[in-house]
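The file input_38.csv contains CSV, C-alpha atoms:
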chain,number,residue,atom,x,y,z
O,1,MET,CA,-21.9,-0.2,-22.3
O,2,ALA,CA,-24.4,-2.9,-23.3
O,3,ARG,CA,-28.1,-3.0,-22.5
O,4,VAL,CA,-29.6,-6.2,-21.0
O,5,LEU,CA,-33.4,-6.9,-21.1
O,6,LEU,CA,-35.3,-9.5,-19.3
O,7,PHE,CA,-38.8,-10.7,-20.2
O,8,GLY,CA,-41.7,-12.6,-18.6
O,9,ARG,CA,-41.0,-14.4,-15.3
O,10,LEU,CA,-37.3,-13.4,-15.4
O,11,GLN,CA,-38.3,-9.9,-14.5
O,12,ASP,CA,-39.9,-11.2,-11.3
O,13,VAL,CA,-36.8,-13.3,-10.4
O,14,ALA,CA,-34.5,-10.3,-11.0
O,15,GLY,CA,-36.7,-7.4,-9.9
O,16,TRP,CA,-35.7,-5.4,-13.0
O,17,ARG,CA,-36.4,-5.5,-16.7
O,18,ALA,CA,-33.6,-3.4,-18.2
O,19,ARG,CA,-30.1,-2.7,-17.1
O,20,ASP,CA,-27.0,-1.1,-18.7
O,21,LEU,CA,-23.7,-2.8,-18.0
O,22,ASP,CA,-20.5,-0.8,-18.3
O,23,PRO,CA,-18.0,-2.2,-19.2
O,24,CYS,CA,-20.0,-4.7,-21.1
O,25,PRO,CA,-19.0,-8.4,-20.7
O,26,PRO,CA,-17.1,-9.6,-23.8
O,27,ARG,CA,-19.4,-12.6,-24.6
O,28,ALA,CA,-22.9,-14.0,-23.8
O,29,SER,CA,-21.3,-16.5,-21.4
O,30,ALA,CA,-19.5,-13.8,-19.6
O,31,LEU,CA,-22.7,-11.8,-19.4
O,32,ARG,CA,-24.5,-14.7,-17.7
O,33,ASP,CA,-21.6,-15.1,-15.3
O,34,ARG,CA,-21.7,-11.4,-14.5
O,35,LEU,CA,-25.5,-11.4,-13.8
O,36,ALA,CA,-25.1,-14.6,-11.8
O,37,LYS,CA,-22.4,-13.0,-9.6
O,38,ASP,CA,-24.8,-10.1,-8.8
O,39,ASP,CA,-27.8,-12.3,-8.3
O,40,PRO,CA,-27.3,-16.1,-8.0
O,41,MET,CA,-31.1,-16.8,-8.3
O,42,LEU,CA,-31.2,-15.0,-11.6
O,43,GLY,CA,-28.0,-16.9,-12.7
O,44,VAL,CA,-29.8,-20.2,-12.2
O,45,ALA,CA,-32.9,-18.9,-14.0
O,46,LEU,CA,-30.8,-17.7,-17.0
O,47,ARG,CA,-29.1,-21.0,-17.4
O,48,ALA,CA,-32.4,-23.0,-17.8
O,49,PRO,CA,-32.4,-24.7,-21.2
O,50,SER,CA,-35.8,-23.1,-22.0
O,51,ILE,CA,-34.3,-19.5,-21.9
O,52,ALA,CA,-33.5,-18.1,-25.3
O,53,PHE,CA,-30.6,-15.6,-25.7
O,54,VAL,CA,-31.3,-12.8,-28.2
O,55,LEU,CA,-28.6,-10.3,-29.3
O,56,ASN,CA,-29.7,-7.2,-31.3
O,57,GLY,CA,-33.0,-8.9,-32.1
O,58,VAL,CA,-31.6,-12.2,-33.3
O,59,VAL,CA,-31.7,-15.5,-31.4
O,60,ARG,CA,-28.2,-16.8,-30.8
O,61,LYS,CA,-27.5,-20.4,-29.7
O,62,ASP,CA,-23.7,-19.9,-29.8
O,63,ASP,CA,-21.7,-17.7,-27.5
O,64,PRO,CA,-21.6,-14.4,-29.4
O,65,GLU,CA,-19.2,-11.6,-28.8
O,66,ILE,CA,-20.8,-8.5,-27.2
O,67,VAL,CA,-19.6,-5.0,-28.1
O,68,PRO,CA,-20.6,-1.6,-26.7
O,69,GLY,CA,-24.0,-0.5,-27.9
O,70,ASP,CA,-25.4,-4.1,-28.2
O,71,GLU,CA,-28.7,-5.0,-26.8
O,72,ALA,CA,-28.9,-8.5,-25.2
O,73,ALA,CA,-32.2,-10.1,-24.1
O,74,PHE,CA,-33.1,-13.2,-22.2
O,75,LEU,CA,-36.5,-14.7,-23.3
O,76,PRO,CA,-38.4,-17.4,-21.3
O,77,PRO,CA,-40.9,-19.6,-23.1
O,78,MET,CA,-43.5,-17.4,-24.7
O,79,SER,CA,-47.1,-17.5,-24.0
O,80,GLY,CA,-48.4,-16.7,-27.4
O,81,GLY,CA,-50.8,-13.9,-28.0
R,1,MET,CA,-50.0,-7.0,-45.8
R,2,ALA,CA,-49.4,-5.3,-42.5
R,3,ALA,CA,-48.7,-6.3,-38.9
R,4,ARG,CA,-48.7,-3.9,-36.0
R,5,ILE,CA,-48.2,-4.2,-32.3
R,6,GLN,CA,-49.3,-1.4,-30.1
R,7,THR,CA,-50.1,-0.6,-26.5
R,8,GLU,CA,-53.0,1.7,-27.4
R,9,PRO,CA,-56.5,0.1,-27.5
R,10,PHE,CA,-58.0,-0.3,-31.0
R,11,GLU,CA,-61.5,-0.4,-32.4
R,12,PRO,CA,-62.1,-3.7,-34.4
R,13,ALA,CA,-65.0,-2.3,-36.4
R,14,ALA,CA,-62.9,0.7,-37.5
R,15,LEU,CA,-60.0,-1.6,-38.6
R,16,LEU,CA,-62.4,-3.8,-40.5
R,17,ASP,CA,-64.1,-0.9,-42.2
R,18,ALA,CA,-60.7,0.6,-43.3
R,19,PHE,CA,-59.5,-2.9,-44.5
R,20,THR,CA,-62.7,-3.4,-46.5
R,21,ARG,CA,-63.0,0.0,-48.1
R,22,GLY,CA,-62.1,0.4,-51.8
R,23,ARG,CA,-61.6,-3.3,-52.6
R,24,THR,CA,-63.0,-4.4,-55.9
R,25,GLN,CA,-61.0,-7.6,-56.5
R,26,ALA,CA,-61.8,-9.4,-53.3
R,27,GLY,CA,-64.7,-11.8,-53.1
R,28,GLY,CA,-64.6,-12.0,-49.4
R,29,ILE,CA,-63.2,-10.7,-46.2
R,30,VAL,CA,-62.9,-12.6,-42.9
R,31,SER,CA,-62.0,-11.0,-39.6
R,32,PHE,CA,-61.3,-12.3,-36.2
R,33,THR,CA,-61.2,-10.3,-33.0
R,34,GLY,CA,-59.8,-11.8,-29.8
R,35,LEU,CA,-60.9,-10.3,-26.5
R,36,ALA,CA,-59.4,-10.4,-23.0
R,37,ARG,CA,-61.6,-12.7,-20.9
R,38,ALA,CA,-62.7,-12.0,-17.3
R,39,ALA,CA,-61.9,-15.6,-16.3
R,40,THR,CA,-59.7,-18.4,-17.6
R,41,ALA,CA,-60.1,-22.0,-16.5
R,42,GLY,CA,-62.6,-20.9,-13.8
R,43,GLN,CA,-60.2,-18.4,-12.3
R,44,ALA,CA,-61.1,-14.7,-12.3
R,45,VAL,CA,-58.8,-12.4,-14.2
R,46,THR,CA,-59.0,-8.7,-13.2
R,47,ARG,CA,-56.2,-7.6,-15.6
R,48,LEU,CA,-54.1,-9.1,-18.3
R,49,GLU,CA,-50.6,-7.9,-19.0
R,50,LEU,CA,-48.9,-8.9,-22.3
R,51,ASP,CA,-45.1,-8.2,-22.4
R,52,ALA,CA,-43.6,-7.9,-25.8
R,53,TYR,CA,-40.1,-7.2,-27.3
R,54,PRO,CA,-41.1,-5.1,-30.3
R,55,ARG,CA,-37.9,-5.4,-32.3
R,56,PHE,CA,-38.1,-9.2,-31.9
R,57,THR,CA,-41.9,-9.8,-31.7
R,58,LEU,CA,-42.9,-7.8,-34.8
R,59,PRO,CA,-40.6,-9.6,-37.3
R,60,VAL,CA,-41.8,-13.0,-36.0
R,61,ILE,CA,-45.4,-11.9,-36.7
R,62,GLU,CA,-44.5,-10.5,-40.1
R,63,ALA,CA,-43.0,-13.9,-41.0
R,64,MET,CA,-46.3,-15.6,-40.1
R,65,LEU,CA,-48.0,-13.2,-42.5
R,66,GLU,CA,-45.6,-14.2,-45.3
R,67,ASP,CA,-46.3,-17.9,-44.5
R,68,ALA,CA,-50.0,-17.3,-44.6
R,69,LYS,CA,-49.7,-15.5,-47.9
R,70,ALA,CA,-47.5,-18.3,-49.4
R,71,ARG,CA,-49.9,-20.9,-48.2
R,72,PHE,CA,-53.3,-19.5,-49.1
R,73,GLU,CA,-54.7,-17.6,-52.0
R,74,VAL,CA,-55.1,-14.3,-50.1
R,75,GLN,CA,-54.8,-10.9,-51.5
R,76,ASP,CA,-54.2,-9.0,-48.3
R,77,VAL,CA,-53.7,-9.6,-44.6
R,78,LEU,CA,-53.8,-7.4,-41.5
R,79,VAL,CA,-52.8,-8.3,-38.0
R,80,VAL,CA,-53.0,-5.8,-35.1
R,81,HIS,CA,-51.9,-7.0,-31.7
R,82,ARG,CA,-52.0,-5.2,-28.4
R,83,TYR,CA,-49.5,-5.5,-25.6
R,84,GLY,CA,-49.1,-3.9,-22.2
R,85,PRO,CA,-51.9,-3.9,-19.7
R,86,ILE,CA,-55.3,-5.0,-21.1
R,87,GLU,CA,-58.6,-4.9,-19.3
R,88,PRO,CA,-61.3,-7.7,-19.6
R,89,GLY,CA,-63.5,-7.1,-22.6
R,90,GLU,CA,-60.9,-5.2,-24.5
R,91,ALA,CA,-59.7,-6.4,-27.9
R,92,ILE,CA,-56.2,-8.0,-27.8
R,93,VAL,CA,-55.8,-9.2,-31.4
R,94,PHE,CA,-57.4,-8.4,-34.8
R,95,VAL,CA,-56.9,-10.4,-37.9
R,96,ALA,CA,-58.4,-9.7,-41.3
R,97,THR,CA,-57.9,-11.5,-44.6
R,98,ALA,CA,-59.1,-10.6,-48.1
R,99,ALA,CA,-59.3,-13.2,-50.9
R,100,GLU,CA,-61.0,-13.8,-54.2
R,101,HIS,CA,-62.8,-16.8,-52.7
R,102,ARG,CA,-64.0,-17.2,-49.2
R,103,ARG,CA,-62.3,-20.5,-48.3
R,104,ALA,CA,-58.8,-19.0,-48.5
R,105,ALA,CA,-59.9,-16.1,-46.4
R,106,PHE,CA,-61.4,-18.3,-43.7
R,107,GLU,CA,-58.4,-20.6,-43.7
R,108,ALA,CA,-55.7,-17.9,-43.6
R,109,ALA,CA,-57.4,-16.2,-40.7
R,110,ASP,CA,-57.7,-19.5,-38.8
R,111,TYR,CA,-54.1,-20.4,-39.6
R,112,LEU,CA,-52.8,-17.0,-38.5
R,113,MET,CA,-54.7,-17.1,-35.2
R,114,ASP,CA,-53.3,-20.6,-34.4
R,115,ARG,CA,-49.8,-19.4,-35.1
R,116,LEU,CA,-50.2,-16.2,-33.1
R,117,LYS,CA,-51.6,-18.1,-30.1
R,118,THR,CA,-48.6,-20.4,-29.9
R,119,GLU,CA,-45.6,-18.7,-31.5
R,120,ALA,CA,-46.0,-15.0,-31.2
R,121,PRO,CA,-43.3,-13.7,-28.7
R,122,PHE,CA,-45.5,-12.4,-26.0
R,123,TRP,CA,-45.3,-13.1,-22.2
R,124,LYS,CA,-48.7,-13.1,-20.6
R,125,LYS,CA,-49.3,-12.3,-17.0
R,126,GLU,CA,-52.8,-12.6,-15.5
R,127,ARG,CA,-53.9,-10.8,-12.3
R,128,GLY,CA,-56.6,-12.5,-10.2
R,129,PRO,CA,-57.7,-12.6,-6.6
R,130,ASP,CA,-54.7,-14.9,-5.8
R,131,GLY,CA,-52.1,-12.5,-7.3
R,132,ASP,CA,-50.2,-12.6,-10.6
R,133,ARG,CA,-49.4,-15.6,-12.6
R,134,TRP,CA,-47.4,-16.1,-15.8
R,135,ILE,CA,-49.2,-18.1,-18.5
R,136,GLU,CA,-47.7,-20.3,-21.2
R,137,ALA,CA,-49.4,-21.5,-24.3
R,138,ARG,CA,-52.1,-24.1,-23.6
R,139,ALA,CA,-51.8,-27.7,-24.9
R,140,ALA,CA,-55.0,-27.1,-26.9
R,141,ASP,CA,-53.4,-24.2,-28.7
R,142,HIS,CA,-50.4,-26.4,-29.7
R,143,GLU,CA,-52.9,-29.1,-31.0
R,144,ASP,CA,-54.6,-26.4,-33.0
R,145,VAL,CA,-51.4,-25.3,-34.7
R,146,ALA,CA,-50.4,-28.9,-35.3
R,147,ARG,CA,-53.5,-29.4,-37.6
R,148,TRP,CA,-51.7,-27.3,-40.2
R,149,THR,CA,-48.7,-29.5,-40.3
R,150,ARG,CA,-50.9,-32.6,-40.7
R,151,LYS,CA,-52.7,-31.0,-43.6
R,152,THR,CA,-49.6,-30.7,-45.6
R,153,ALA,CA,-48.2,-34.2,-44.6
Can the structure in the file be given as structure tokens, please?
Amino acid sequence: MARVLLFGRLQDVAGWRARDLDPCPPRASALRDRLAKDDPMLGVALRAPSIAFVLNGVVRKDDPEIVPGDEAAFLPPMSGG
Amino acid sequence: MAARIQTEPFEPAALLDAFTRGRTQAGGIVSFTGLARAATAGQAVTRLELDAYPRFTLPVIEAMLEDAKARFEVQDVLVVHRYGPIEPGEAIVFVATAAEHRRAAFEAADYLMDRLKTEAPFWKKERGPDGDRWIEARAADHEDVARWTRKTA
């Protein structure tokens, strides 16, 4: 099982902010595919170049492996404080 | 050197008092308190909601403190930032700096606020009469933070 978190306007697109996926998709790309299959609108939003992917608190620009217990997050451009 | 993010309201005067107490080496302390406005760009704001990702947001702010300390001759820095729902008039952010001489304290506080306003990982939603809207950093905020790059160029 892996936990997925959405922030900012992505929460409005999806209608949720946290979800557990079991089994967890093996990679970031597969996670995007899985979320897009459930919700095509969210799939489009997640693929925007401005969306950062964070795995266990670290920004990842590659396509990292996801293992059970991981926490994945999609971050839209931040507003600042 | 400390950074905190919290959903609970805080009292800026109490933070400044605690930060000031017992210092014998500092020649000056500068503090800044940012408040939630009741209107932005002429539009009423009845409530502000700041979303944060604590395990990601806090380390980014801590790195800003390290940068400020490396850049200015400051002895100590404190940043406290709210997130969650915030009512107009409530404090959102508090920055305090202590230095032997005032210039470094002023500059470090100014620098930290510029960085916080543009780069701190928060997502801001304002509620007004026309509903909710997500806000991104203003162009003016980006110009403010660019001043510091030009200063070193």
Near chain O, which residues of chain R fall within 7 Å when you count all atoms listed in the file, and what do they look like as a PyMOL selection string? chain R and resi 51+55-56+116-124+134-137
Please identify all polymer residues within 8 Å of Ala14 in chain O, counting all atoms listed in the file, omitting same-chain residues fewer than 3 positions from it, and present them as an MDAnalysis selection string. chainID O and resid 10:11 17 39 41:42
Grab the residues selected above and save them as a PDB file, in the coordinates of the input with C-alpha atoms.
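To be explicit, this is the file written out as out.pdb:
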ATOM      1  CA  LEU O  10     -37.300 -13.400 -15.400  1.00  0.00           C
ATOM      2  CA  GLN O  11     -38.300  -9.900 -14.500  1.00  0.00           C
ATOM      3  CA  ARG O  17     -36.400  -5.500 -16.700  1.00  0.00           C
ATOM      4  CA  ASP O  39     -27.800 -12.300  -8.300  1.00  0.00           C
ATOM      5  CA  MET O  41     -31.100 -16.800  -8.300  1.00  0.00           C
ATOM      6  CA  LEU O  42     -31.200 -15.000 -11.600  1.00  0.00           C
TER       7      LEU O  42
END
Using only C-alpha atoms, which residues sit within 12 Å of Leu35 in chain O once same-chain residues fewer than 6 positions away are excluded, as a compact mmCIF listing (two decimals) with C-alpha atoms, in the coordinates of the input?
# COMPACT_ATOMS: atom_id res chain seq x y z
CA VAL O 4 -29.60 -6.20 -21.00
CA LEU O 5 -33.40 -6.90 -21.10
CA LEU O 6 -35.30 -9.50 -19.30
CA VAL O 13 -36.80 -13.30 -10.40
CA ALA O 14 -34.50 -10.30 -11.00
CA TRP O 16 -35.70 -5.40 -13.00
CA ARG O 19 -30.10 -2.70 -17.10
CA ASP O 20 -27.00 -1.10 -18.70
CA LEU O 21 -23.70 -2.80 -18.00
CA CYS O 24 -20.00 -4.70 -21.10
CA PRO O 25 -19.00 -8.40 -20.70
CA ALA O 28 -22.90 -14.00 -23.80
CA SER O 29 -21.30 -16.50 -21.40
CA MET O 41 -31.10 -16.80 -8.30
CA LEU O 42 -31.20 -15.00 -11.60
CA GLY O 43 -28.00 -16.90 -12.70
CA VAL O 44 -29.80 -20.20 -12.20
CA ALA O 45 -32.90 -18.90 -14.00
CA LEU O 46 -30.80 -17.70 -17.00
CA ARG O 47 -29.10 -21.00 -17.40
CA PHE O 74 -33.10 -13.20 -22.20
Using all atoms listed in the file: which of R:Val80, R:Val60, R:Ala2, R:Ala98 has the shortest distance to Gly22 in chain R: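 Of R:Val80, R:Val60, R:Ala2, R:Ala98, the one nearest Gly22 in chain R, counting all atoms listed in the file, is R:Ala98.
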Might you pull out every residue within 7 Å of Arg27 in chain O, with all atoms listed in the file counted and same-chain residues fewer than 6 positions away left off, and present them as a list in words? Asp63, Pro64, Glu65 and Ile66 of chain O
One decimal, Å: what's the distance from CA of Gly27 in chain R over to CA of Pro12 in chain R, could you say?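 So the two atoms, CA of Gly27 in chain R and CA of Pro12 in chain R, lie 20.5 Å apart.
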Can you tell me, as a PDB file with C-alpha atoms, keeping the file's coordinate frame, which residues sit within 8 Å of (-50.1, -11.4, -15.0) in the file's frame, using only C-alpha atoms?
ATOM      1  CA  ARG R  47     -56.200  -7.600 -15.600  1.00  0.00           C
ATOM      2  CA  LEU R  48     -54.100  -9.100 -18.300  1.00  0.00           C
ATOM      3  CA  GLU R  49     -50.600  -7.900 -19.000  1.00  0.00           C
ATOM      4  CA  LEU R  50     -48.900  -8.900 -22.300  1.00  0.00           C
ATOM      5  CA  LYS R 124     -48.700 -13.100 -20.600  1.00  0.00           C
ATOM      6  CA  LYS R 125     -49.300 -12.300 -17.000  1.00  0.00           C
ATOM      7  CA  GLU R 126     -52.800 -12.600 -15.500  1.00  0.00           C
ATOM      8  CA  ARG R 127     -53.900 -10.800 -12.300  1.00  0.00           C
ATOM      9  CA  ASP R 132     -50.200 -12.600 -10.600  1.00  0.00           C
ATOM     10  CA  ARG R 133     -49.400 -15.600 -12.600  1.00  0.00           C
ATOM     11  CA  TRP R 134     -47.400 -16.100 -15.800  1.00  0.00           C
ATOM     12  CA  ILE R 135     -49.200 -18.100 -18.500  1.00  0.00           C
TER      13      ILE R 135
END
Length of the CA of Trp148 in chain R to CA of Phe72 in chain R vector [Å]: 11.9 Å
Hey, can you check how far CA of Glu8 in chain R sits from CA of Ala140 in chain R?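 Spanning CA of Glu8 in chain R to CA of Ala140 in chain R is a straight-line distance of 28.9 Å.
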Choose the residue, out of R:Asp130, R:Glu143, R:Glu73, R:Asp17, that has the smallest atom-to-atom separation from Arg102 in chain R; count all atoms listed in the file.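 When distances to Arg102 in chain R are compared using all atoms listed in the file, the smallest one comes from R:Glu73.
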Sel. within 7 Å of pt (-60.3, -10.1, -34.6), counting all atoms listed in the file, output as JSON, numbers by chain: {"R": [12, 31, 32, 33, 34, 93, 94, 95, 96]}
For range 30-41 of chain O, supply N, CA and C atoms and format the output as a PDB file, in the frame of the given file.
ATOM      1  N   ALA O  30     -20.003 -14.675 -20.591  1.00  0.00           N
ATOM      2  CA  ALA O  30     -19.500 -13.800 -19.600  1.00  0.00           C
ATOM      3  C   ALA O  30     -20.609 -12.878 -19.009  1.00  0.00           C
ATOM      4  N   LEU O  31     -21.559 -12.569 -19.866  1.00  0.00           N
ATOM      5  CA  LEU O  31     -22.700 -11.800 -19.400  1.00  0.00           C
ATOM      6  C   LEU O  31     -23.524 -12.578 -18.388  1.00  0.00           C
ATOM      7  N   ARG O  32     -23.769 -13.857 -18.706  1.00  0.00           N
ATOM      8  CA  ARG O  32     -24.500 -14.700 -17.700  1.00  0.00           C
ATOM      9  C   ARG O  32     -23.729 -14.794 -16.431  1.00  0.00           C
ATOM     10  N   ASP O  33     -22.403 -14.973 -16.516  1.00  0.00           N
ATOM     11  CA  ASP O  33     -21.600 -15.100 -15.300  1.00  0.00           C
ATOM     12  C   ASP O  33     -21.689 -13.795 -14.471  1.00  0.00           C
ATOM     13  N   ARG O  34     -21.627 -12.671 -15.164  1.00  0.00           N
ATOM     14  CA  ARG O  34     -21.700 -11.400 -14.500  1.00  0.00           C
ATOM     15  C   ARG O  34     -23.032 -11.205 -13.756  1.00  0.00           C
ATOM     16  N   LEU O  35     -24.132 -11.545 -14.448  1.00  0.00           N
ATOM     17  CA  LEU O  35     -25.500 -11.400 -13.800  1.00  0.00           C
ATOM     18  C   LEU O  35     -25.630 -12.383 -12.686  1.00  0.00           C
ATOM     19  N   ALA O  36     -25.047 -13.590 -12.837  1.00  0.00           N
ATOM     20  CA  ALA O  36     -25.100 -14.600 -11.800  1.00  0.00           C
ATOM     21  C   ALA O  36     -24.371 -14.184 -10.535  1.00  0.00           C
ATOM     22  N   LYS O  37     -23.262 -13.472 -10.747  1.00  0.00           N
ATOM     23  CA  LYS O  37     -22.400 -13.000  -9.600  1.00  0.00           C
ATOM     24  C   LYS O  37     -23.243 -11.996  -8.785  1.00  0.00           C
ATOM     25  N   ASP O  38     -23.948 -11.105  -9.485  1.00  0.00           N
ATOM     26  CA  ASP O  38     -24.800 -10.100  -8.800  1.00  0.00           C
ATOM     27  C   ASP O  38     -25.998 -10.726  -8.135  1.00  0.00           C
ATOM     28  N   ASP O  39     -26.531 -11.770  -8.765  1.00  0.00           N
ATOM     29  CA  ASP O  39     -27.800 -12.300  -8.300  1.00  0.00           C
ATOM     30  C   ASP O  39     -27.832 -13.835  -8.661  1.00  0.00           C
ATOM     31  N   PRO O  40     -27.396 -14.674  -7.696  1.00  0.00           N
ATOM     32  CA  PRO O  40     -27.300 -16.100  -8.000  1.00  0.00           C
ATOM     33  C   PRO O  40     -28.639 -16.738  -8.422  1.00  0.00           C
ATOM     34  N   MET O  41     -29.762 -16.275  -7.865  1.00  0.00           N
ATOM     35  CA  MET O  41     -31.100 -16.800  -8.300  1.00  0.00           C
ATOM     36  C   MET O  41     -31.321 -16.551  -9.753  1.00  0.00           C
TER      37      MET O  41
END
